[in-house]
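Visitor: Please see the structure below; I have some questions.
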Amino acid sequence: MPDTTELQTKNKLKLIVVGNGMVGHKFIENVVNHPDHENYQVITFSEEPRLAYDRVQLSAYFSGKTADDLMLTSEDYYDQHGVKYIIKDKVSTIDRAAKTITTESGRVESYDKLILATGSFPFVPPIPGGDAEHCLVYRTIEDLERITASAKGSKVGVVIGGGLLGLECAKALHNLNLEAHVVEFAPRLMAVQLDEGGGALLRTKIEDLGVHVHTEKNTKEIVAGETCRYRMNFADGSHIETDMIVFSAGIRPQDELARQFDIEIGERGGITIDDNCLTSDKDIYAIGECALWDGKIYGLVAPGYTMAKAAVSHITGGSEQFTGADMSTKLKLMGVDVASIGDAHARTEGAQTYTYINDAEGLYKRLIVSADKSTLLGAVLVGDTDAYGTLLPMMLEKMQLPEAPEVLILPQVEGGGESAFGVNALPDSAQICSCHDVTKGDLIGAIHAGATELAELKSCTKAGSGCGGCSAMVGQVLNAELEKMGVEVNNNLCEHFEYTRQELFDIIRTKKIKTFDELLEQYGSGHGCMTCKPAVGSMLATYWNEYVLSDDNIQLQDTNDIFLGNMQKDGTYSVVPRIAAGEISAQGLIDLGQIGVKYDLYTKITGGQRIDFFGAQLHELPLIWDELIQAGFETGHAYGKSLRTVKSCVGSTWCRYGMMDSVSMAINLEMRYKGLRSPHKFKLGVSGCTRECAEAQSKDFGVIATDKGWNLYVCGNGGMKPRHGDLFASDLDDATLIKYIDRILMFYCRTADRLQRTSVWMDNMEGGLDYLKSVVIDDKLGLCEDFETDMNRVIDTYECEWKKTLNNPERLKRFAHFINSDATDDRLAYEADRGQSKARIAQPSVRAEKAKGTEIPALEV
Amino acid sequence: MSNINWETICNVSDINKNTGVCALHNGEQVAIFKVGKEEQLFALQNYDPFGEANVLSRGLIGDVDGQLVLASPLYKQQFSLESGKCLEDDSVILKTYMVRQQDGLVQLQA
Ligand SMILES: Cc1cc2nc3c(=O)[nH]c(=O)nc-3n(C[C@H](O)[C@H](O)[C@H](O)COP(=O)(O)OP(=O)(O)OC[C@H]3O[C@@H](n4cnc5c(N)ncnc54)[C@H](O)[C@@H]3O)c2cc1C
Ligand code: SF4
Ligand code: FES
């Protein structure tokens, strides 16, 4: 570590940020991105053992995200921008006169400006027995590790506190297969955000999911239990037994430093700040959850980000200020959509309300409007929060309400209402993404600057990359703006077809078109090209599943498909038989081995648990496949944009931890989807338990066994841009699992762009995961039956392409290097290595000498 | 004209529409393509100068701005079927060969 003197770079204003949490990091990011960043030297201290991570997404840790996935920054990023960071060291003293701080490890550092971004800590009510070993809190990654460890030896878990975090935590316990209970002091859940009706509906829904809810319970003491580790005794005389307890009874601002060193704090805690985020000391700022503005603590990240901006602005001579923030929220709790906007409790004088209750579908919506019914004051939505995006800006921007405000929540007019009150009605100042404070104007700016695709727009503005709640709105703004700009968004497949892939797919489907020539004649022009031919070939194959080497189809196939093998750099091919789920008999291995020896092929095990032969010449392909098929193998479609492999772990048949038979499921899935041509290749993985040995979450479809059924993850990816799959549904039985995968796959085949992997398809999907669920689980588009019919047709018409080709002498003619000679390509030559004679392709210079066959001089250009 | 010799390679029907085959011709590898309903024939060197392999007969045929092209199966550079010129790199021009249809046969100029 550099010493103090070295850090005092001359002439730079030295900023010390205490706490590298979400807001502290945001502050640093704002400094680093400031045009005058050269004038500042930033040092940050973190008490936690890592740099800032996404606390908002903390619960995702339980569904498979790692600490790395959650990181908001990296040491590299800080190094690059000259930010010094010290982790695992707590700032313990401030000397305001000398303008220095001291850390627990004894390090002293001087500052010009000090920024306190110390966040908050979980409040643990002083209950006797509350300090027992398995009484935990929920705030940091380390807390989650402790919860996971404790859950391992527990059957029952209680969360004290039925607020937002408490419910998130209860869900996590439930997912960890504990009998989960929520104990709440107030008469209802989420008492801050929801009214009585909304809270009651939420409770019913959560109980339906198997989480027990106890309201109006005041925990008196925690003592040793009889059936479980602990017993919680309540003030009303009742009790419950549990093995572990998580406190989620609210947070308290971390204002310890201010308290000790005489910086003004509020009566009930929190470091008092003004609109510039300055504390009572003019060189010390406080931002985030530790700060108290106008008597209020903001327990959300968005206001903290605004404070960070305001503080940077004040330090750098700007004029942005913090003038309060809206606390509306929209979230999904255990699969239940919940939103709360503004004055949810109708506390404003004279407020009028409209309520819509639909017990059958489990919907509760309530509007709170001003006495003269002209403006929206607040809303509570449970079960369906689609209206949130429309209502929030209406409230914030004080927009004029329609004549009959109830149209905003009544189902039959929702569609109609949307166009009148859609994104076009919003002013540019309307905030679309509250997590990252992105306004409609910001989005429009980015769109004009060229971000005309949803995924791109999201990544350059960050909108939608927090809680994700605003994705649908972001998509609507994008579409509306593109329409306004009159930009014809040219998603045409290529110069030969003025249609998108999706449109062409619909044409093929509805007009029953079976050949490329027909399609080109009726809907295209020219001869086609390397873009549209394989794309159309793939669509025809998805829908009609006809032989890819038929007279009509052969011309469409790309390099690999056209000879049913993957072309390697010297023009030879690789040969990959299917080894479903990686299960192969010893005899099968021997057979493969003998074929490999006979044709002298380089052999390697693939990442997808199968065996790859390299160095087969064109004319050898039919000979090799003939032997493979006789030995009982079939094509592995390694050459196609289609299912590659279903990777599996050994599962419950052998593994001590296996919950279910992952191998059988993987074989079923592989045999089901083999041969399905799709916009791009796709892979599946099946793990027998959450240890995830098959790395299923990095696959397009990941299936993980639990003791209650299968969890399905979708749209994961390894490769260049790794992406963990999103949890799509939990605890499924075999039939439902397969039904969902069928539907998603067909939806993907119909709507994805050419060569678009499922991960990018998902990132570009308006409405994201929730939308996909509504299409696949709730059949929102009424297409599920179609999807299943299409899938069944593909499955019923499956044929091994190599078997079919071998039975067709006409087709076999093509498998020769020369049409007019039995000679073979003379440029092929290999070098031996590590015990294989064809270990590598010879260097071009050596190739000429080594080349076999009659010497034919290579043409040089 | 009359003293031009033509070497018969194969039947026109041996080439699938809009695909190619490779012929051994005077000790050289020649890629021959059959394009469109008119069954127009084109012949280029089979050697791909970018990928350094004898593979061009296995490429994909299409058109770019009305110009008929062949895309290499290795790294997808496109070459004019007519002139052999590479669309991505002007300095590369493939050797072309005289090819014709005669009574249902494909013939290269000897
Ligand atoms: C499970 C969970 C879910 C949440 N969900 C949402 C949500 O959906 N939406 C939302 O808006 N908000 C949510 N929040 C709240 C959100 O995470 C916080 O608002 C945000 O993290 C506040 O940022 P901060 O930087 O002020 O504090 P923090 O992120 O807590 O960072 C403060 C950091 O300072 C460190 N620190 C403290 N004192 C010192 C010291 N003396 N020296 C050195 N380091 C110190 C702490 O260790 C900590 O790392 C959630 C929080 C949790 C726990
Ligand atoms: S994922 Fe689970 S069941 Fe499968 S091998 Fe690993 S530990 Fe065993
Ligand atoms: S509102 Fe949370 S990501 Fe946009």
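By order in the structure tokens, chains are A, B, ...; within a chain, residues start at 1; ligands start at 1, following the order shown.
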Can you tell me which residues come within 9 Å of ligand 2 when counting only C-alpha atoms and all ligand atoms, ideally as a ChimeraX atom specification?
Guide: /A:648-662,686-695,704-705
Visitor: Output the contact residues of chain B with respect to chain A at a cut-off of 9 Å, based on only C-alpha atoms, as a count of residues only.
Guide: 48
Visitor: Let me see if you get this right: every residue at most 6 Å from ligand 3, counting only C-alpha atoms and all ligand atoms, written as a list in words.
Guide: Cys433, Ser434, Cys435, Ala463, Gly464, Ser465, Gly466, Cys467, Gly468, Gly469 and Cys470 of chain A
Visitor: Kindly indicate which residue among B:Asn5, B:Gln77, B:Gln67, B:Ser83 lies nearest to Tyr97 of chain B, using only C-alpha atoms for the distances.
Guide: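 Residue with the minimum atom-to-atom distance to Tyr97 of chain B: B:Ser83.
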Visitor: Using DSSP on the backbone, list every residue of segment 277-414 of chain A that comes out as alpha helix (DSSP H), and give them as a list in words.
Guide: Val301, Ala302, Pro303, Gly304, Tyr305, Thr306, Met307, Ala308, Lys309, Ala310, Ala311, Val312, Ser313, His314, Ile315, Tyr388, Gly389, Thr390, Leu391, Leu392, Pro393, Met394, Met395, Leu396 and Glu414 of chain A
Visitor: Neighbouring residues of Lys330 of chain A were defined as those with any atom within 8 Å, considering only C-alpha atoms; residues of the same chain fewer than 6 positions away were excluded. Please report them as a ChimeraX atom specification.
Guide: /A:337-340,385,388,469
Visitor: Restricted to N, CA, C and O atoms, what would the selected residues look like written as a compact mmCIF listing (two decimals), in the first residue's frame?
Guide:
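Once written, selection_26.txt looks like this:
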# COMPACT_ATOMS: atom_id res chain seq x y z
N ASP A 337 -46.87 -9.29 -7.77
CA ASP A 337 -46.58 -7.91 -8.14
C ASP A 337 -47.19 -6.96 -7.13
O ASP A 337 -48.38 -7.06 -6.82
N VAL A 338 -46.39 -6.03 -6.64
CA VAL A 338 -46.85 -5.07 -5.65
C VAL A 338 -46.30 -3.71 -6.01
O VAL A 338 -45.13 -3.59 -6.35
N ALA A 339 -47.14 -2.68 -5.93
CA ALA A 339 -46.63 -1.33 -6.14
C ALA A 339 -47.32 -0.36 -5.20
O ALA A 339 -48.49 -0.56 -4.83
N SER A 340 -46.58 0.64 -4.82
CA SER A 340 -47.13 1.66 -3.94
C SER A 340 -46.64 3.00 -4.43
O SER A 340 -45.45 3.19 -4.66
N THR A 385 -49.32 -4.83 -11.71
CA THR A 385 -48.75 -3.49 -11.55
C THR A 385 -48.46 -2.85 -12.89
O THR A 385 -47.65 -1.93 -12.99
N TYR A 388 -48.39 0.92 -13.15
CA TYR A 388 -47.41 1.70 -12.40
C TYR A 388 -46.69 2.73 -13.26
O TYR A 388 -46.57 3.91 -12.90
N GLY A 469 -37.70 -3.02 -13.07
CA GLY A 469 -39.12 -2.70 -13.10
C GLY A 469 -39.53 -1.76 -14.22
O GLY A 469 -40.69 -1.71 -14.59
Visitor: Would you mind listing the residues within 8 Å of ligand 1, counting only C-alpha atoms and all ligand atoms, as a PyMOL selection string?
Guide: chain A and resi 18-25+45-48+51-59+87-92+103+117-121+138-140+164-165+168-169+254+256-257+287-290+298-304+329+331+435+467
Visitor: Using DSSP on the backbone coordinates, identify the residues of segment 376-530 of chain A assigned to strand (DSSP E); present them as a PyMOL selection string.
Guide: chain A and resi 376-382+431-433+438-439
Visitor: For His448 of chain A, please output as a ChimeraX atom specification all residues within 12 Å (counting only C-alpha atoms; exclusion window: fewer than 3 positions along the same chain).
Guide: /A:441-445,451-453,457,478,481-482,484-487
Visitor: For segment 616-632 of chain A, find every residue with an atom within 8 Å (counting only C-alpha atoms), except residues of its own chain fewer than 5 positions away, and show them as a short mmCIF file (atom, residue, chain, number, x, y, z; two decimals) with all heavy atoms, in the first residue's frame.
Guide:
data_model
loop_
_atom_site.label_atom_id
_atom_site.label_comp_id
_atom_site.auth_asym_id
_atom_site.auth_seq_id
_atom_site.Cartn_x
_atom_site.Cartn_y
_atom_site.Cartn_z
N PHE A 563 -22.43 -29.95 -45.67
CA PHE A 563 -21.88 -31.30 -45.70
C PHE A 563 -22.06 -32.02 -44.37
O PHE A 563 -21.36 -32.99 -44.07
CB PHE A 563 -20.40 -31.27 -46.12
CG PHE A 563 -20.22 -30.93 -47.57
CD1 PHE A 563 -19.82 -29.67 -47.96
CD2 PHE A 563 -20.50 -31.88 -48.55
CE1 PHE A 563 -19.68 -29.35 -49.31
CE2 PHE A 563 -20.36 -31.56 -49.90
CZ PHE A 563 -19.96 -30.30 -50.28
N GLY A 571 -10.14 -27.20 -44.38
CA GLY A 571 -11.16 -27.72 -45.27
C GLY A 571 -11.60 -29.14 -44.95
O GLY A 571 -12.49 -29.68 -45.61
N THR A 572 -11.00 -29.77 -43.94
CA THR A 572 -11.49 -31.07 -43.50
C THR A 572 -12.60 -30.82 -42.48
O THR A 572 -12.91 -29.68 -42.14
CB THR A 572 -10.38 -31.91 -42.85
OG1 THR A 572 -9.91 -31.20 -41.70
CG2 THR A 572 -9.24 -32.15 -43.83
N TYR A 573 -13.18 -31.92 -42.01
CA TYR A 573 -14.35 -31.77 -41.15
C TYR A 573 -14.16 -32.44 -39.80
O TYR A 573 -13.33 -33.34 -39.64
CB TYR A 573 -15.57 -32.38 -41.84
CG TYR A 573 -15.99 -31.59 -43.04
CD1 TYR A 573 -15.41 -31.81 -44.29
CD2 TYR A 573 -16.93 -30.57 -42.91
CE1 TYR A 573 -15.77 -31.05 -45.39
CE2 TYR A 573 -17.30 -29.80 -44.01
CZ TYR A 573 -16.71 -30.04 -45.24
OH TYR A 573 -17.06 -29.27 -46.32
N SER A 574 -14.97 -32.00 -38.85
CA SER A 574 -15.04 -32.73 -37.60
C SER A 574 -16.33 -33.54 -37.60
O SER A 574 -17.29 -33.20 -38.27
CB SER A 574 -14.99 -31.79 -36.40
OG SER A 574 -16.18 -31.07 -36.30
N VAL A 575 -16.29 -34.62 -36.86
CA VAL A 575 -17.41 -35.56 -36.81
C VAL A 575 -17.79 -35.73 -35.35
O VAL A 575 -16.95 -36.06 -34.52
CB VAL A 575 -16.97 -36.93 -37.38
CG1 VAL A 575 -18.04 -37.99 -37.14
CG2 VAL A 575 -16.66 -36.80 -38.87
N PRO A 577 -20.73 -37.56 -33.12
CA PRO A 577 -21.97 -38.31 -32.93
C PRO A 577 -22.68 -37.85 -31.65
O PRO A 577 -22.04 -37.30 -30.76
CB PRO A 577 -21.50 -39.75 -32.79
CG PRO A 577 -20.07 -39.67 -32.39
CD PRO A 577 -19.53 -38.36 -32.85
N GLY A 588 -19.64 -48.58 -26.36
CA GLY A 588 -19.77 -47.44 -27.27
C GLY A 588 -18.44 -46.73 -27.43
O GLY A 588 -18.04 -46.35 -28.54
N ASP A 591 -16.20 -48.78 -29.64
CA ASP A 591 -16.58 -48.65 -31.05
C ASP A 591 -16.06 -47.33 -31.62
O ASP A 591 -15.50 -47.29 -32.70
CB ASP A 591 -18.10 -48.72 -31.21
CG ASP A 591 -18.65 -50.10 -30.85
OD1 ASP A 591 -17.86 -51.07 -30.89
OD2 ASP A 591 -19.85 -50.20 -30.52
N LEU A 592 -16.27 -46.26 -30.85
CA LEU A 592 -15.79 -44.96 -31.31
C LEU A 592 -14.28 -45.01 -31.49
O LEU A 592 -13.73 -44.54 -32.49
CB LEU A 592 -16.15 -43.86 -30.32
CG LEU A 592 -17.61 -43.42 -30.27
CD1 LEU A 592 -17.79 -42.28 -29.27
CD2 LEU A 592 -18.08 -42.96 -31.64
N ILE A 595 -13.21 -46.72 -34.66
CA ILE A 595 -13.45 -45.92 -35.86
C ILE A 595 -12.40 -44.82 -35.95
O ILE A 595 -11.83 -44.54 -37.01
CB ILE A 595 -14.89 -45.34 -35.85
CG1 ILE A 595 -15.90 -46.49 -35.94
CG2 ILE A 595 -15.09 -44.35 -36.98
CD1 ILE A 595 -17.33 -46.10 -35.65
N TYR A 599 -9.71 -44.42 -39.18
CA TYR A 599 -9.61 -43.27 -40.08
C TYR A 599 -8.55 -42.28 -39.62
O TYR A 599 -8.46 -41.17 -40.13
CB TYR A 599 -10.99 -42.59 -40.23
CG TYR A 599 -11.94 -43.50 -40.96
CD1 TYR A 599 -12.76 -44.39 -40.27
CD2 TYR A 599 -11.96 -43.52 -42.36
CE1 TYR A 599 -13.59 -45.26 -40.94
CE2 TYR A 599 -12.79 -44.39 -43.04
CZ TYR A 599 -13.61 -45.26 -42.32
OH TYR A 599 -14.41 -46.12 -43.00
N LEU A 601 -8.13 -40.32 -36.92
CA LEU A 601 -8.70 -39.01 -36.62
C LEU A 601 -8.13 -38.47 -35.31
O LEU A 601 -7.89 -39.23 -34.37
CB LEU A 601 -10.22 -39.13 -36.51
CG LEU A 601 -10.91 -39.65 -37.78
CD1 LEU A 601 -12.36 -40.02 -37.50
CD2 LEU A 601 -10.82 -38.62 -38.90
N TRP A 802 -27.82 -37.96 -41.19
CA TRP A 802 -26.76 -38.77 -41.78
C TRP A 802 -27.28 -40.12 -42.28
O TRP A 802 -26.91 -40.60 -43.34
CB TRP A 802 -25.59 -38.96 -40.80
CG TRP A 802 -24.52 -37.95 -41.10
CD1 TRP A 802 -24.15 -36.89 -40.35
CD2 TRP A 802 -23.71 -37.91 -42.29
NE1 TRP A 802 -23.17 -36.17 -40.97
CE2 TRP A 802 -22.87 -36.77 -42.17
CE3 TRP A 802 -23.61 -38.69 -43.44
CZ2 TRP A 802 -21.94 -36.43 -43.15
CZ3 TRP A 802 -22.70 -38.34 -44.42
CH2 TRP A 802 -21.87 -37.23 -44.27
N LYS A 803 -28.22 -40.68 -41.53
CA LYS A 803 -28.81 -41.95 -41.95
C LYS A 803 -29.52 -41.74 -43.29
O LYS A 803 -29.37 -42.52 -44.23
CB LYS A 803 -29.82 -42.40 -40.89
CG LYS A 803 -30.17 -43.85 -40.95
CD LYS A 803 -30.89 -44.19 -39.66
CE LYS A 803 -31.07 -45.67 -39.51
NZ LYS A 803 -31.72 -45.96 -38.22
N LEU A 806 -27.05 -41.34 -46.16
CA LEU A 806 -26.39 -42.59 -46.54
C LEU A 806 -27.30 -43.45 -47.41
O LEU A 806 -26.84 -44.23 -48.24
CB LEU A 806 -25.96 -43.36 -45.30
CG LEU A 806 -24.80 -42.72 -44.52
CD1 LEU A 806 -24.56 -43.45 -43.21
CD2 LEU A 806 -23.53 -42.70 -45.36
N LEU A 812 -24.91 -38.75 -52.04
CA LEU A 812 -23.56 -39.15 -51.64
C LEU A 812 -22.51 -38.70 -52.64
O LEU A 812 -21.36 -38.51 -52.30
CB LEU A 812 -23.49 -40.66 -51.45
CG LEU A 812 -24.14 -41.14 -50.15
CD1 LEU A 812 -24.10 -42.66 -50.07
CD2 LEU A 812 -23.45 -40.53 -48.94
N PHE A 815 -20.08 -36.00 -51.83
CA PHE A 815 -19.03 -36.17 -50.83
C PHE A 815 -17.74 -36.71 -51.47
O PHE A 815 -17.34 -37.83 -51.23
CB PHE A 815 -19.52 -37.08 -49.70
CG PHE A 815 -20.58 -36.42 -48.87
CD1 PHE A 815 -21.92 -36.48 -49.22
CD2 PHE A 815 -20.22 -35.70 -47.73
CE1 PHE A 815 -22.89 -35.85 -48.47
CE2 PHE A 815 -21.20 -35.07 -46.97
CZ PHE A 815 -22.53 -35.14 -47.34
N ALA A 816 -17.17 -35.89 -52.34
CA ALA A 816 -15.91 -36.26 -52.98
C ALA A 816 -15.18 -34.95 -53.21
O ALA A 816 -15.83 -33.92 -53.45
CB ALA A 816 -16.17 -36.95 -54.32
N HIS A 817 -13.87 -34.97 -53.12
CA HIS A 817 -13.18 -33.70 -53.31
C HIS A 817 -13.31 -33.24 -54.76
O HIS A 817 -13.55 -32.07 -55.02
CB HIS A 817 -11.71 -33.78 -52.88
CG HIS A 817 -11.07 -32.44 -52.82
ND1 HIS A 817 -11.31 -31.56 -51.78
CD2 HIS A 817 -10.24 -31.79 -53.68
CE1 HIS A 817 -10.64 -30.44 -51.98
NE2 HIS A 817 -9.98 -30.54 -53.13
#
Visitor: May I have the residues within 12 Å of Asp103 of chain B as a PyMOL selection string, using only C-alpha atoms and disregarding those fewer than 5 positions away in the same chain?
Guide: chain B and resi 8+10-13
Visitor: With all heavy atoms kept, could you save the residues just selected as a compact mmCIF listing (two decimals), in the first residue's frame?
Guide:
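As written to disk, again-v1.txt reads:
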# COMPACT_ATOMS: atom_id res chain seq x y z
N THR B 8 -14.33 -32.16 -70.93
CA THR B 8 -15.59 -32.43 -70.25
C THR B 8 -15.32 -32.81 -68.79
O THR B 8 -14.46 -33.64 -68.50
CB THR B 8 -16.35 -33.57 -70.95
OG1 THR B 8 -16.65 -33.14 -72.27
CG2 THR B 8 -17.62 -33.92 -70.20
N CYS B 10 -18.21 -32.99 -66.13
CA CYS B 10 -19.31 -33.79 -65.56
C CYS B 10 -20.60 -33.40 -66.26
O CYS B 10 -20.59 -32.55 -67.15
CB CYS B 10 -19.43 -33.53 -64.06
SG CYS B 10 -19.77 -31.80 -63.64
N ASN B 11 -21.71 -34.00 -65.85
CA ASN B 11 -23.00 -33.60 -66.38
C ASN B 11 -23.45 -32.33 -65.66
O ASN B 11 -23.16 -32.14 -64.47
CB ASN B 11 -24.06 -34.67 -66.09
CG ASN B 11 -23.76 -35.93 -66.87
OD1 ASN B 11 -23.50 -35.89 -68.07
ND2 ASN B 11 -23.77 -37.05 -66.16
N VAL B 12 -24.19 -31.48 -66.35
CA VAL B 12 -24.73 -30.28 -65.71
C VAL B 12 -25.60 -30.70 -64.52
O VAL B 12 -25.61 -30.07 -63.48
CB VAL B 12 -25.54 -29.44 -66.73
CG1 VAL B 12 -26.20 -28.26 -66.03
CG2 VAL B 12 -24.63 -28.97 -67.85
N SER B 13 -26.31 -31.81 -64.70
CA SER B 13 -27.22 -32.26 -63.64
C SER B 13 -26.49 -32.81 -62.42
O SER B 13 -27.10 -33.03 -61.37
CB SER B 13 -28.17 -33.33 -64.19
OG SER B 13 -27.39 -34.44 -64.62
Visitor: If we count only C-alpha atoms, what is near Lys26 of chain A at a cut-off of 7 Å, once residues fewer than 4 positions away on the same chain are taken out, given as number ranges by chain?
Guide: A: 22, 30, 305, 308
